[in-house]
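Novice: Structure supplied as structure.pdb; contents: PDB, C-alpha atoms (C1' of nucleotides).
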```
ATOM      1  CA  MET A  25      35.667 -23.344   4.545  1.00  0.00           C
ATOM      2  CA  THR A  26      35.478 -20.224   6.657  1.00  0.00           C
ATOM      3  CA  THR A  27      32.214 -18.352   6.978  1.00  0.00           C
ATOM      4  CA  GLY A  28      33.644 -15.575   4.844  1.00  0.00           C
ATOM      5  CA  GLU A  29      34.594 -18.035   2.117  1.00  0.00           C
ATOM      6  CA  THR A  30      31.125 -19.573   2.162  1.00  0.00           C
ATOM      7  CA  LEU A  31      29.470 -16.171   1.914  1.00  0.00           C
ATOM      8  CA  THR A  32      31.784 -15.225  -0.949  1.00  0.00           C
ATOM      9  CA  GLU A  33      31.022 -18.523  -2.687  1.00  0.00           C
ATOM     10  CA  ILE A  34      27.293 -17.879  -2.377  1.00  0.00           C
ATOM     11  CA  TYR A  35      27.762 -14.406  -3.812  1.00  0.00           C
ATOM     12  CA  HIS A  36      29.636 -15.652  -6.851  1.00  0.00           C
ATOM     13  CA  LEU A  37      27.151 -18.437  -7.518  1.00  0.00           C
ATOM     14  CA  LEU A  38      24.305 -15.936  -7.421  1.00  0.00           C
ATOM     15  CA  PHE A  39      26.082 -13.329  -9.487  1.00  0.00           C
ATOM     16  CA  ASP A  40      27.169 -15.830 -12.114  1.00  0.00           C
ATOM     17  CA  ARG A  41      23.583 -16.963 -12.529  1.00  0.00           C
ATOM     18  CA  PHE A  42      21.657 -13.734 -12.205  1.00  0.00           C
ATOM     19  CA  GLY A  43      24.147 -11.006 -13.110  1.00  0.00           C
ATOM     20  CA  PRO A  44      23.983  -7.442 -11.800  1.00  0.00           C
ATOM     21  CA  GLN A  45      20.587  -6.412 -10.402  1.00  0.00           C
ATOM     22  CA  TYR A  46      21.049  -2.644 -10.749  1.00  0.00           C
ATOM     23  CA  TRP A  47      19.541  -1.775  -7.396  1.00  0.00           C
ATOM     24  CA  TRP A  48      17.932   0.364  -6.113  1.00  0.00           C
ATOM     25  CA  PRO A  49      15.379   0.687  -8.912  1.00  0.00           C
ATOM     26  CA  GLY A  50      14.740   4.388  -8.257  1.00  0.00           C
ATOM     27  CA  GLN A  51      15.804   7.556  -9.980  1.00  0.00           C
ATOM     28  CA  SER A  52      16.470   9.760  -6.985  1.00  0.00           C
ATOM     29  CA  GLN A  53      17.415   9.613  -3.330  1.00  0.00           C
ATOM     30  CA  PHE A  54      13.920  10.598  -2.321  1.00  0.00           C
ATOM     31  CA  GLU A  55      12.335   8.018  -4.574  1.00  0.00           C
ATOM     32  CA  ILE A  56      14.498   5.354  -2.916  1.00  0.00           C
ATOM     33  CA  ILE A  57      13.488   6.500   0.551  1.00  0.00           C
ATOM     34  CA  THR A  58       9.819   6.518  -0.401  1.00  0.00           C
ATOM     35  CA  GLY A  59      10.108   3.103  -2.041  1.00  0.00           C
ATOM     36  CA  ALA A  60      11.837   1.682   1.049  1.00  0.00           C
ATOM     37  CA  VAL A  61       8.768   2.482   3.147  1.00  0.00           C
ATOM     38  CA  LEU A  62       6.268   1.417   0.511  1.00  0.00           C
ATOM     39  CA  THR A  63       7.891  -1.965  -0.068  1.00  0.00           C
ATOM     40  CA  GLN A  64       7.500  -3.093   3.547  1.00  0.00           C
ATOM     41  CA  ASN A  65       6.089  -6.615   3.309  1.00  0.00           C
ATOM     42  CA  THR A  66       4.924  -5.802  -0.199  1.00  0.00           C
ATOM     43  CA  ASN A  67       5.630  -6.995  -3.718  1.00  0.00           C
ATOM     44  CA  TRP A  68       7.750  -4.478  -5.623  1.00  0.00           C
ATOM     45  CA  ALA A  69       5.366  -4.458  -8.604  1.00  0.00           C
ATOM     46  CA  ASN A  70       2.693  -2.959  -6.361  1.00  0.00           C
ATOM     47  CA  VAL A  71       5.140  -0.380  -5.056  1.00  0.00           C
ATOM     48  CA  GLU A  72       5.903   0.701  -8.614  1.00  0.00           C
ATOM     49  CA  LYS A  73       2.241   1.444  -9.200  1.00  0.00           C
ATOM     50  CA  ALA A  74       2.151   3.638  -6.126  1.00  0.00           C
ATOM     51  CA  ILE A  75       5.320   5.464  -7.167  1.00  0.00           C
ATOM     52  CA  THR A  76       3.923   5.987 -10.651  1.00  0.00           C
ATOM     53  CA  ASN A  77       0.842   7.556  -9.071  1.00  0.00           C
ATOM     54  CA  LEU A  78       3.005   9.904  -7.023  1.00  0.00           C
ATOM     55  CA  LYS A  79       5.018  10.888 -10.082  1.00  0.00           C
ATOM     56  CA  SER A  80       1.930  11.421 -12.224  1.00  0.00           C
ATOM     57  CA  ALA A  81       0.499  13.679  -9.554  1.00  0.00           C
ATOM     58  CA  GLY A  82       3.809  15.572  -9.490  1.00  0.00           C
ATOM     59  CA  CYS A  83       4.154  14.747  -5.817  1.00  0.00           C
ATOM     60  CA  LEU A  84       7.325  12.710  -5.516  1.00  0.00           C
ATOM     61  CA  ALA A  85       9.222  15.451  -3.710  1.00  0.00           C
ATOM     62  CA  PRO A  86       9.752  16.031   0.020  1.00  0.00           C
ATOM     63  CA  GLU A  87       7.939  19.367   0.287  1.00  0.00           C
ATOM     64  CA  LYS A  88       4.993  18.121  -1.780  1.00  0.00           C
ATOM     65  CA  LEU A  89       4.436  15.057   0.366  1.00  0.00           C
ATOM     66  CA  HIS A  90       5.074  16.993   3.538  1.00  0.00           C
ATOM     67  CA  ASN A  91       2.333  19.479   2.683  1.00  0.00           C
ATOM     68  CA  MET A  92      -0.103  16.919   1.343  1.00  0.00           C
ATOM     69  CA  ASP A  93      -3.092  15.730   3.312  1.00  0.00           C
ATOM     70  CA  ALA A  94      -2.491  12.242   4.705  1.00  0.00           C
ATOM     71  CA  ARG A  95      -5.779  11.000   3.255  1.00  0.00           C
ATOM     72  CA  GLN A  96      -4.814  12.165  -0.210  1.00  0.00           C
ATOM     73  CA  LEU A  97      -1.373  10.585   0.122  1.00  0.00           C
ATOM     74  CA  ALA A  98      -2.968   7.322   1.216  1.00  0.00           C
ATOM     75  CA  GLU A  99      -5.161   7.333  -1.875  1.00  0.00           C
ATOM     76  CA  LEU A 100      -2.178   7.805  -4.194  1.00  0.00           C
ATOM     77  CA  ILE A 101      -0.190   4.962  -2.643  1.00  0.00           C
ATOM     78  CA  ARG A 102      -3.183   2.640  -2.397  1.00  0.00           C
ATOM     79  CA  PRO A 103      -1.819  -0.028  -4.804  1.00  0.00           C
ATOM     80  CA  ALA A 104       1.123  -0.647  -2.445  1.00  0.00           C
ATOM     81  CA  GLY A 105      -1.204  -2.000   0.236  1.00  0.00           C
ATOM     82  CA  TYR A 106      -1.316  -0.980   3.916  1.00  0.00           C
ATOM     83  CA  TYR A 107      -1.877   2.449   2.468  1.00  0.00           C
ATOM     84  CA  ASN A 108      -3.173   4.182   5.590  1.00  0.00           C
ATOM     85  CA  ILE A 109      -0.318   3.063   7.795  1.00  0.00           C
ATOM     86  CA  LYS A 110       2.261   3.731   5.082  1.00  0.00           C
ATOM     87  CA  ALA A 111       0.922   7.240   4.497  1.00  0.00           C
ATOM     88  CA  LYS A 112       1.367   7.844   8.213  1.00  0.00           C
ATOM     89  CA  ARG A 113       4.886   6.402   8.132  1.00  0.00           C
ATOM     90  CA  LEU A 114       5.919   8.620   5.232  1.00  0.00           C
ATOM     91  CA  LYS A 115       4.461  11.589   7.068  1.00  0.00           C
ATOM     92  CA  ASN A 116       6.407  10.639  10.199  1.00  0.00           C
ATOM     93  CA  PHE A 117       9.620  10.591   8.181  1.00  0.00           C
ATOM     94  CA  LEU A 118       8.826  13.941   6.556  1.00  0.00           C
ATOM     95  CA  LYS A 119       7.985  15.593   9.858  1.00  0.00           C
ATOM     96  CA  TRP A 120      11.337  14.496  11.285  1.00  0.00           C
ATOM     97  CA  PHE A 121      13.057  15.516   8.045  1.00  0.00           C
ATOM     98  CA  PHE A 122      11.618  19.041   8.002  1.00  0.00           C
ATOM     99  CA  ASP A 123      11.632  19.672  11.749  1.00  0.00           C
ATOM    100  CA  ASN A 124      15.305  18.763  12.089  1.00  0.00           C
ATOM    101  CA  TYR A 125      16.937  19.063   8.685  1.00  0.00           C
ATOM    102  CA  ASP A 126      14.861  21.610   6.743  1.00  0.00           C
ATOM    103  CA  GLY A 127      13.823  18.891   4.304  1.00  0.00           C
ATOM    104  CA  LEU A 128      17.255  19.011   2.679  1.00  0.00           C
ATOM    105  CA  LEU A 129      18.943  15.742   1.755  1.00  0.00           C
ATOM    106  CA  THR A 130      22.303  17.515   1.761  1.00  0.00           C
ATOM    107  CA  ASN A 131      21.827  17.999   5.498  1.00  0.00           C
ATOM    108  CA  LEU A 132      21.322  14.265   5.987  1.00  0.00           C
ATOM    109  CA  GLU A 133      24.450  13.579   3.937  1.00  0.00           C
ATOM    110  CA  GLN A 134      26.476  15.401   6.580  1.00  0.00           C
ATOM    111  CA  LEU A 135      25.519  12.918   9.280  1.00  0.00           C
ATOM    112  CA  GLY A 136      27.706   9.974  10.218  1.00  0.00           C
ATOM    113  CA  THR A 137      26.304   6.554   9.433  1.00  0.00           C
ATOM    114  CA  ASP A 138      25.672   5.513  13.046  1.00  0.00           C
ATOM    115  CA  ARG A 139      23.968   8.802  13.846  1.00  0.00           C
ATOM    116  CA  LEU A 140      21.796   8.678  10.730  1.00  0.00           C
ATOM    117  CA  ARG A 141      20.811   5.072  11.440  1.00  0.00           C
ATOM    118  CA  THR A 142      19.885   5.818  15.033  1.00  0.00           C
ATOM    119  CA  GLU A 143      17.775   8.782  13.988  1.00  0.00           C
ATOM    120  CA  LEU A 144      15.999   6.879  11.225  1.00  0.00           C
ATOM    121  CA  LEU A 145      15.171   4.093  13.698  1.00  0.00           C
ATOM    122  CA  SER A 146      13.635   6.638  16.052  1.00  0.00           C
ATOM    123  CA  ILE A 147      10.974   7.441  13.446  1.00  0.00           C
ATOM    124  CA  LYS A 148       7.796   5.450  14.000  1.00  0.00           C
ATOM    125  CA  GLY A 149       7.374   3.162  11.002  1.00  0.00           C
ATOM    126  CA  ILE A 150      11.056   2.921  10.097  1.00  0.00           C
ATOM    127  CA  GLY A 151      12.503  -0.348  11.353  1.00  0.00           C
ATOM    128  CA  PRO A 152      15.922  -1.938  10.793  1.00  0.00           C
ATOM    129  CA  GLU A 153      15.415  -3.115   7.228  1.00  0.00           C
ATOM    130  CA  THR A 154      13.877   0.129   6.042  1.00  0.00           C
ATOM    131  CA  ALA A 155      16.562   2.217   7.755  1.00  0.00           C
ATOM    132  CA  ASP A 156      19.356   0.070   6.358  1.00  0.00           C
ATOM    133  CA  SER A 157      17.888   0.103   2.847  1.00  0.00           C
ATOM    134  CA  ILE A 158      17.835   3.880   3.000  1.00  0.00           C
ATOM    135  CA  LEU A 159      21.406   4.002   4.312  1.00  0.00           C
ATOM    136  CA  LEU A 160      22.824   1.650   1.699  1.00  0.00           C
ATOM    137  CA  TYR A 161      20.777   2.506  -1.366  1.00  0.00           C
ATOM    138  CA  ALA A 162      19.938   6.179  -0.896  1.00  0.00           C
ATOM    139  CA  PHE A 163      23.063   7.300   0.988  1.00  0.00           C
ATOM    140  CA  ASP A 164      25.654   4.805  -0.209  1.00  0.00           C
ATOM    141  CA  ARG A 165      26.658   3.883   3.330  1.00  0.00           C
ATOM    142  CA  GLN A 166      28.434   0.632   4.149  1.00  0.00           C
ATOM    143  CA  ILE A 167      25.543  -1.223   5.733  1.00  0.00           C
ATOM    144  CA  PHE A 168      24.422  -4.767   4.941  1.00  0.00           C
ATOM    145  CA  VAL A 169      20.650  -4.990   4.498  1.00  0.00           C
ATOM    146  CA  VAL A 170      18.980  -8.031   6.028  1.00  0.00           C
ATOM    147  CA  ASP A 171      15.535  -9.247   5.084  1.00  0.00           C
ATOM    148  CA  ALA A 172      13.349 -12.333   5.177  1.00  0.00           C
ATOM    149  CA  TYR A 173      15.170 -13.802   2.162  1.00  0.00           C
ATOM    150  CA  THR A 174      18.568 -13.271   3.775  1.00  0.00           C
ATOM    151  CA  ALA A 175      17.405 -15.150   6.846  1.00  0.00           C
ATOM    152  CA  ARG A 176      15.878 -17.964   4.812  1.00  0.00           C
ATOM    153  CA  VAL A 177      18.930 -18.505   2.619  1.00  0.00           C
ATOM    154  CA  ALA A 178      21.311 -18.317   5.575  1.00  0.00           C
ATOM    155  CA  ALA A 179      19.195 -20.743   7.588  1.00  0.00           C
ATOM    156  CA  ARG A 180      18.843 -23.275   4.799  1.00  0.00           C
ATOM    157  CA  HIS A 181      22.587 -23.321   4.298  1.00  0.00           C
ATOM    158  CA  GLY A 182      23.318 -23.825   7.956  1.00  0.00           C
ATOM    159  CA  LEU A 183      24.935 -20.432   8.472  1.00  0.00           C
ATOM    160  CA  ILE A 184      22.607 -19.475  11.311  1.00  0.00           C
ATOM    161  CA  GLU A 185      20.232 -21.065  13.748  1.00  0.00           C
ATOM    162  CA  PRO A 186      16.572 -20.482  12.972  1.00  0.00           C
ATOM    163  CA  GLY A 187      15.458 -17.546  15.083  1.00  0.00           C
ATOM    164  CA  THR A 188      18.672 -15.550  14.696  1.00  0.00           C
ATOM    165  CA  ASP A 189      17.753 -11.893  15.023  1.00  0.00           C
ATOM    166  CA  TYR A 190      18.331  -9.017  12.632  1.00  0.00           C
ATOM    167  CA  GLU A 191      21.469  -7.629  14.271  1.00  0.00           C
ATOM    168  CA  GLN A 192      23.181 -11.031  14.414  1.00  0.00           C
ATOM    169  CA  LEU A 193      22.375 -11.701  10.774  1.00  0.00           C
ATOM    170  CA  GLN A 194      23.709  -8.295   9.799  1.00  0.00           C
ATOM    171  CA  GLU A 195      26.862  -8.982  11.781  1.00  0.00           C
ATOM    172  CA  LEU A 196      27.328 -12.310   9.988  1.00  0.00           C
ATOM    173  CA  PHE A 197      27.418 -10.716   6.546  1.00  0.00           C
ATOM    174  CA  GLY A 198      28.884  -7.377   7.609  1.00  0.00           C
ATOM    175  CA  SER A 199      31.916  -8.781   9.381  1.00  0.00           C
ATOM    176  CA  ASN A 200      32.703 -11.758   7.164  1.00  0.00           C
ATOM    177  CA  LEU A 201      32.745  -9.988   3.822  1.00  0.00           C
ATOM    178  CA  PRO A 202      35.117  -7.393   2.373  1.00  0.00           C
ATOM    179  CA  ALA A 203      34.071  -3.882   3.407  1.00  0.00           C
ATOM    180  CA  ASP A 204      32.710  -2.833   0.051  1.00  0.00           C
ATOM    181  CA  THR A 205      29.514  -0.852  -0.409  1.00  0.00           C
ATOM    182  CA  LYS A 206      29.108  -2.009  -3.982  1.00  0.00           C
ATOM    183  CA  LEU A 207      29.357  -5.646  -2.881  1.00  0.00           C
ATOM    184  CA  PHE A 208      26.777  -5.092  -0.138  1.00  0.00           C
ATOM    185  CA  ASN A 209      24.486  -3.418  -2.657  1.00  0.00           C
ATOM    186  CA  GLU A 210      24.660  -6.295  -5.143  1.00  0.00           C
ATOM    187  CA  TYR A 211      24.626  -9.066  -2.550  1.00  0.00           C
ATOM    188  CA  HIS A 212      21.362  -8.041  -0.940  1.00  0.00           C
ATOM    189  CA  ALA A 213      19.723  -7.574  -4.340  1.00  0.00           C
ATOM    190  CA  LEU A 214      20.912 -11.027  -5.422  1.00  0.00           C
ATOM    191  CA  LEU A 215      19.544 -12.640  -2.269  1.00  0.00           C
ATOM    192  CA  VAL A 216      16.160 -11.095  -3.000  1.00  0.00           C
ATOM    193  CA  LYS A 217      16.329 -12.358  -6.571  1.00  0.00           C
ATOM    194  CA  ALA A 218      17.286 -15.874  -5.449  1.00  0.00           C
ATOM    195  CA  GLY A 219      14.567 -15.762  -2.819  1.00  0.00           C
ATOM    196  CA  LYS A 220      11.901 -14.768  -5.298  1.00  0.00           C
ATOM    197  CA  ASP A 221      12.916 -17.334  -7.892  1.00  0.00           C
ATOM    198  CA  PHE A 222      13.874 -20.315  -5.740  1.00  0.00           C
ATOM    199  CA  CYS A 223      14.151 -19.988  -1.991  1.00  0.00           C
ATOM    200  CA  ARG A 224      10.448 -19.619  -1.357  1.00  0.00           C
ATOM    201  CA  PRO A 225       8.562 -20.654   1.765  1.00  0.00           C
ATOM    202  CA  LYS A 226       7.692 -24.334   1.792  1.00  0.00           C
ATOM    203  CA  ALA A 227       9.181 -24.760  -1.685  1.00  0.00           C
ATOM    204  CA  ARG A 228      12.047 -26.925  -2.834  1.00  0.00           C
ATOM    205  CA  CYS A 229      15.062 -25.210  -4.260  1.00  0.00           C
ATOM    206  CA  ARG A 230      15.159 -27.144  -7.526  1.00  0.00           C
ATOM    207  CA  GLY A 231      17.353 -25.369 -10.019  1.00  0.00           C
ATOM    208  CA  CYS A 232      18.684 -22.869  -7.483  1.00  0.00           C
ATOM    209  CA  PRO A 233      22.300 -21.838  -8.133  1.00  0.00           C
ATOM    210  CA  LEU A 234      23.032 -22.659  -4.474  1.00  0.00           C
ATOM    211  CA  GLU A 235      21.687 -26.195  -4.800  1.00  0.00           C
ATOM    212  CA  LYS A 236      25.118 -27.781  -4.856  1.00  0.00           C
ATOM    213  CA  LEU A 237      26.312 -26.190  -1.629  1.00  0.00           C
ATOM    214  CA  PRO A 238      26.594 -28.359   1.473  1.00  0.00           C
ATOM    215  CA  HIS A 239      24.086 -27.947   4.287  1.00  0.00           C
ATOM    216  CA  CYS A 240      21.156 -27.116   2.034  1.00  0.00           C
ATOM    217  CA  LEU A 241      18.462 -28.152   4.473  1.00  0.00           C
ATOM    218  CA  GLU A 242      14.917 -29.247   3.930  1.00  0.00           C
ATOM    219  CA  PRO A 243      12.774 -26.183   3.351  1.00  0.00           C
ATOM    220  CA  GLU A 244       9.901 -27.288   5.571  1.00  0.00           C
ATOM    221  CA  GLN A 245      12.126 -26.561   8.547  1.00  0.00           C
ATOM    222  CA  PHE A 246      11.993 -22.896   7.665  1.00  0.00           C
TER     223      PHE A 246
ATOM    224  C1'  DG B   5      -9.573 -19.404  -3.173  1.00  0.00           C
ATOM    225  C1'  DA B   6      -5.212 -19.808  -0.759  1.00  0.00           C
ATOM    226  C1'  DC B   7      -0.838 -18.092  -0.498  1.00  0.00           C
ATOM    227  C1'  DC B   8       2.673 -14.761  -0.799  1.00  0.00           C
ATOM    228  C1'  DA B   9       5.064 -10.150  -1.047  1.00  0.00           C
ATOM    229  C1'  DG B  10      12.139  -6.402  -0.456  1.00  0.00           C
ATOM    230  C1'  DG B  11       8.123  -4.942   7.810  1.00  0.00           C
ATOM    231  C1'  DC B  12       6.696  -2.656  11.708  1.00  0.00           C
ATOM    232  C1'  DA B  13       4.303  -1.412  15.930  1.00  0.00           C
ATOM    233  C1'  DC B  14       1.639  -2.816  19.466  1.00  0.00           C
ATOM    234  C1'  DA B  15      -0.982  -6.018  22.666  1.00  0.00           C
ATOM    235  C1'  DT B  16      -0.768  -9.781  25.476  1.00  0.00           C
ATOM    236  C1'  DC B  17       1.055 -13.575  27.947  1.00  0.00           C
TER     237       DC B  17
ATOM    238  C1'  DG C   9      11.457 -11.486  26.384  1.00  0.00           C
ATOM    239  C1'  DA C  10       8.837 -14.345  23.241  1.00  0.00           C
ATOM    240  C1'  DT C  11       4.744 -14.792  20.539  1.00  0.00           C
ATOM    241  C1'  DG C  12       0.496 -13.181  18.102  1.00  0.00           C
ATOM    242  C1'  DT C  13      -2.038  -9.819  15.372  1.00  0.00           C
ATOM    243  C1'  DG C  14      -3.489  -5.839  12.353  1.00  0.00           C
ATOM    244  C1'  DC C  15      -2.364  -3.489   8.401  1.00  0.00           C
ATOM    245  C1'  DA C  16      -4.316  -4.347   2.406  1.00  0.00           C
ATOM    246  C1'  DT C  17      -3.401  -4.547  -2.468  1.00  0.00           C
ATOM    247  C1'  DG C  18      -2.456  -7.412  -6.455  1.00  0.00           C
ATOM    248  C1'  DG C  19      -0.076 -11.424  -8.796  1.00  0.00           C
ATOM    249  C1'  DT C  20       0.394 -16.539  -9.071  1.00  0.00           C
TER     250       DT C  20
END
```
Now that the file is in, can you turn its structure into structure tokens?
Specialist:
Amino acid sequence: MTTGETLTEIYHLLFDRFGPQYWWPGQSQFEIITGAVLTQNTNWANVEKAITNLKSAGCLAPEKLHNMDARQLAELIRPAGYYNIKAKRLKNFLKWFFDNYDGLLTNLEQLGTDRLRTELLSIKGIGPETADSILLYAFDRQIFVVDAYTARVAARHGLIEPGTDYEQLQELFGSNLPADTKLFNEYHALLVKAGKDFCRPKARCRGCPLEKLPHCLEPEQF
DNA sequence: GACCAGGCACATC
DNA sequence: GATGTGCATGGT
């Protein structure tokens, strides 16, 4: 089996079990961007509470957050955890957004994917996963999003060595799968779902749809 | 009460 | 260049 065939097999096993995940769970581009920062190392349920707070306060809009006091923003996003640092990170994004692009998403849409990615990564608080989530889910760009679950699943199935870095992992999926934004969208969401339900740290994978695949290694190694 | 969650920047060796 | 640490709430 080629790597591409294995990755495709994994996708189908996950999709057949879990079905479409309908990501990103946000109603607007800006909500997706905000959620991408808030969900850093954080359970999505907590992020939803923070987003609900922002909506209730009528603040889930670029100009509102840009003009808001950082302390006040921190208070609203408190349920998402790391609220001081995340308030700062959102402010960093907004400063870049307004200084360079007038706070208009249509201006970001004009940028090429590589350029947009590079610029997002230059913002303090936006790392590879956050940038790529924004690119794929807010801007519909053909970028495979890698996260801790992706690494864990890939490692347990012998697709990578433990310690493989973000770029290599992204290359693995990005260059061995059909170039299809919709597939990338669903695949990442399915990996998160499988990770949450089965492929947990120090846990066995009993009942996992990938259980029958070869090379499913002992979880304590990862 | 321990462990985990859809990371990232920064310090230190 | 690798490894360790702070950031913090809320569910299991």
Novice: What do you get, as an mmCIF file with C-alpha atoms (C1' of nucleotides), in the frame of the given file, if you spell out every residue that the PyMOL selection byres ((chain C) within 6 of (chain A)) selects here?
Specialist:
```
data_model
loop_
_atom_site.group_PDB
_atom_site.id
_atom_site.type_symbol
_atom_site.label_atom_id
_atom_site.label_comp_id
_atom_site.auth_asym_id
_atom_site.auth_seq_id
_atom_site.Cartn_x
_atom_site.Cartn_y
_atom_site.Cartn_z
ATOM 1 C "C1'" DC C 15 -2.364 -3.489 8.401
ATOM 2 C "C1'" DA C 16 -4.316 -4.347 2.406
ATOM 3 C "C1'" DT C 17 -3.401 -4.547 -2.468
#
```
Novice: If I take atom CA of Leu97 of chain A and atom CA of Ser146 of chain A, how far is one from the other in Å, to one decimal?
Specialist: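 If I compute the distance from atom CA of Leu97 of chain A to atom CA of Ser146 of chain A, I get 22.2 Å.
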Novice: I need the chain A residues near chain B as a PyMOL selection string; criterion: at most 7 Å, counting only C-alpha atoms (C1' of nucleotides).
Specialist: chain A and resi 63-67+149+151+216
Novice: Adding 3 Å on each side of the box along x, y and z that holds all listed atoms of segment 9-17 of chain C, could you give its centre and edge lengths in Å to one decimal, as lines of an AutoDock Vina configuration file?
Specialist:
```
center_x = 3.6
center_y = -9.1
center_z = 12.0
size_x = 21.8
size_y = 17.3
size_z = 34.9
```
Novice: Atom CA of His212 of chain A and atom CA of Lys79 of chain A, how far apart in Å?
Specialist: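 Going from atom CA of Lys79 of chain A over to atom CA of His212 of chain A, I get 26.6 Å.
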Novice: What is the atom CA of Leu129 of chain A to atom CA of Ile56 of chain A distance in Å?
Specialist: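 Straight-line distance from atom CA of Leu129 of chain A to atom CA of Ile56 of chain A works out to 12.2 Å.
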Novice: List the neighbours of Asp138 of chain A out to 10 Å using all atoms listed in the file; skip same-chain residues closer than 5 positions along the sequence, and give me the result as a list in words.
Specialist: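 Skipping anything fewer than 5 positions along the chain leaves Glu143, Leu144, Leu159, Arg165 and Ile167 of chain A.
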Novice: Keeping C-alpha atoms for every residue in the selection just given, could you write it to a file as a PDB file, keeping the file's coordinate frame?
Specialist:
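Written output follows (result_6.pdb):
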```
ATOM      1  CA  GLU A 143      17.775   8.782  13.988  1.00  0.00           C
ATOM      2  CA  LEU A 144      15.999   6.879  11.225  1.00  0.00           C
ATOM      3  CA  LEU A 159      21.406   4.002   4.312  1.00  0.00           C
ATOM      4  CA  ARG A 165      26.658   3.883   3.330  1.00  0.00           C
ATOM      5  CA  ILE A 167      25.543  -1.223   5.733  1.00  0.00           C
TER       6      ILE A 167
END
```
Novice: Kindly indicate which residue among A:Cys229, A:Ala155, A:Leu193, A:Ala162 lies nearest to Arg180 of chain A, using all atoms listed in the file for the distances.
Specialist: A:Cys229
Novice: Contacts of Leu118 of chain A at 12 Å or less, counting all atoms listed in the file, minus same-chain residues fewer than 3 places along, as a ChimeraX atom specification?
Specialist: /A:54,57-58,61,85-92,94,111-115,121-129,144,147-150
Novice: Write out as JSON, numbers by chain each polymer residue whose atoms come within 7 Å of Leu100 of chain A, counting all atoms listed in the file; drop sequence neighbours fewer than 4 positions from it.
Specialist: {"A": [74, 77, 78, 96]}
Novice: Dump C-alpha atoms for the selected residues as a compact mmCIF listing (two decimals), keeping the file's coordinate frame?
Specialist:
```
# COMPACT_ATOMS: atom_id res chain seq x y z
CA ALA A 74 2.15 3.64 -6.13
CA ASN A 77 0.84 7.56 -9.07
CA LEU A 78 3.00 9.90 -7.02
CA GLN A 96 -4.81 12.16 -0.21
```
Novice: If you count only C-alpha atoms (C1' of nucleotides), which residues fall within 12 Å of Val177 of chain A, apart from same-chain ones fewer than 5 positions away, as a PyMOL selection string?
Specialist: chain A and resi 31+34-35+38+170-172+182-186+193+212+214-220+222-225+229+232-235+237+239-243+246
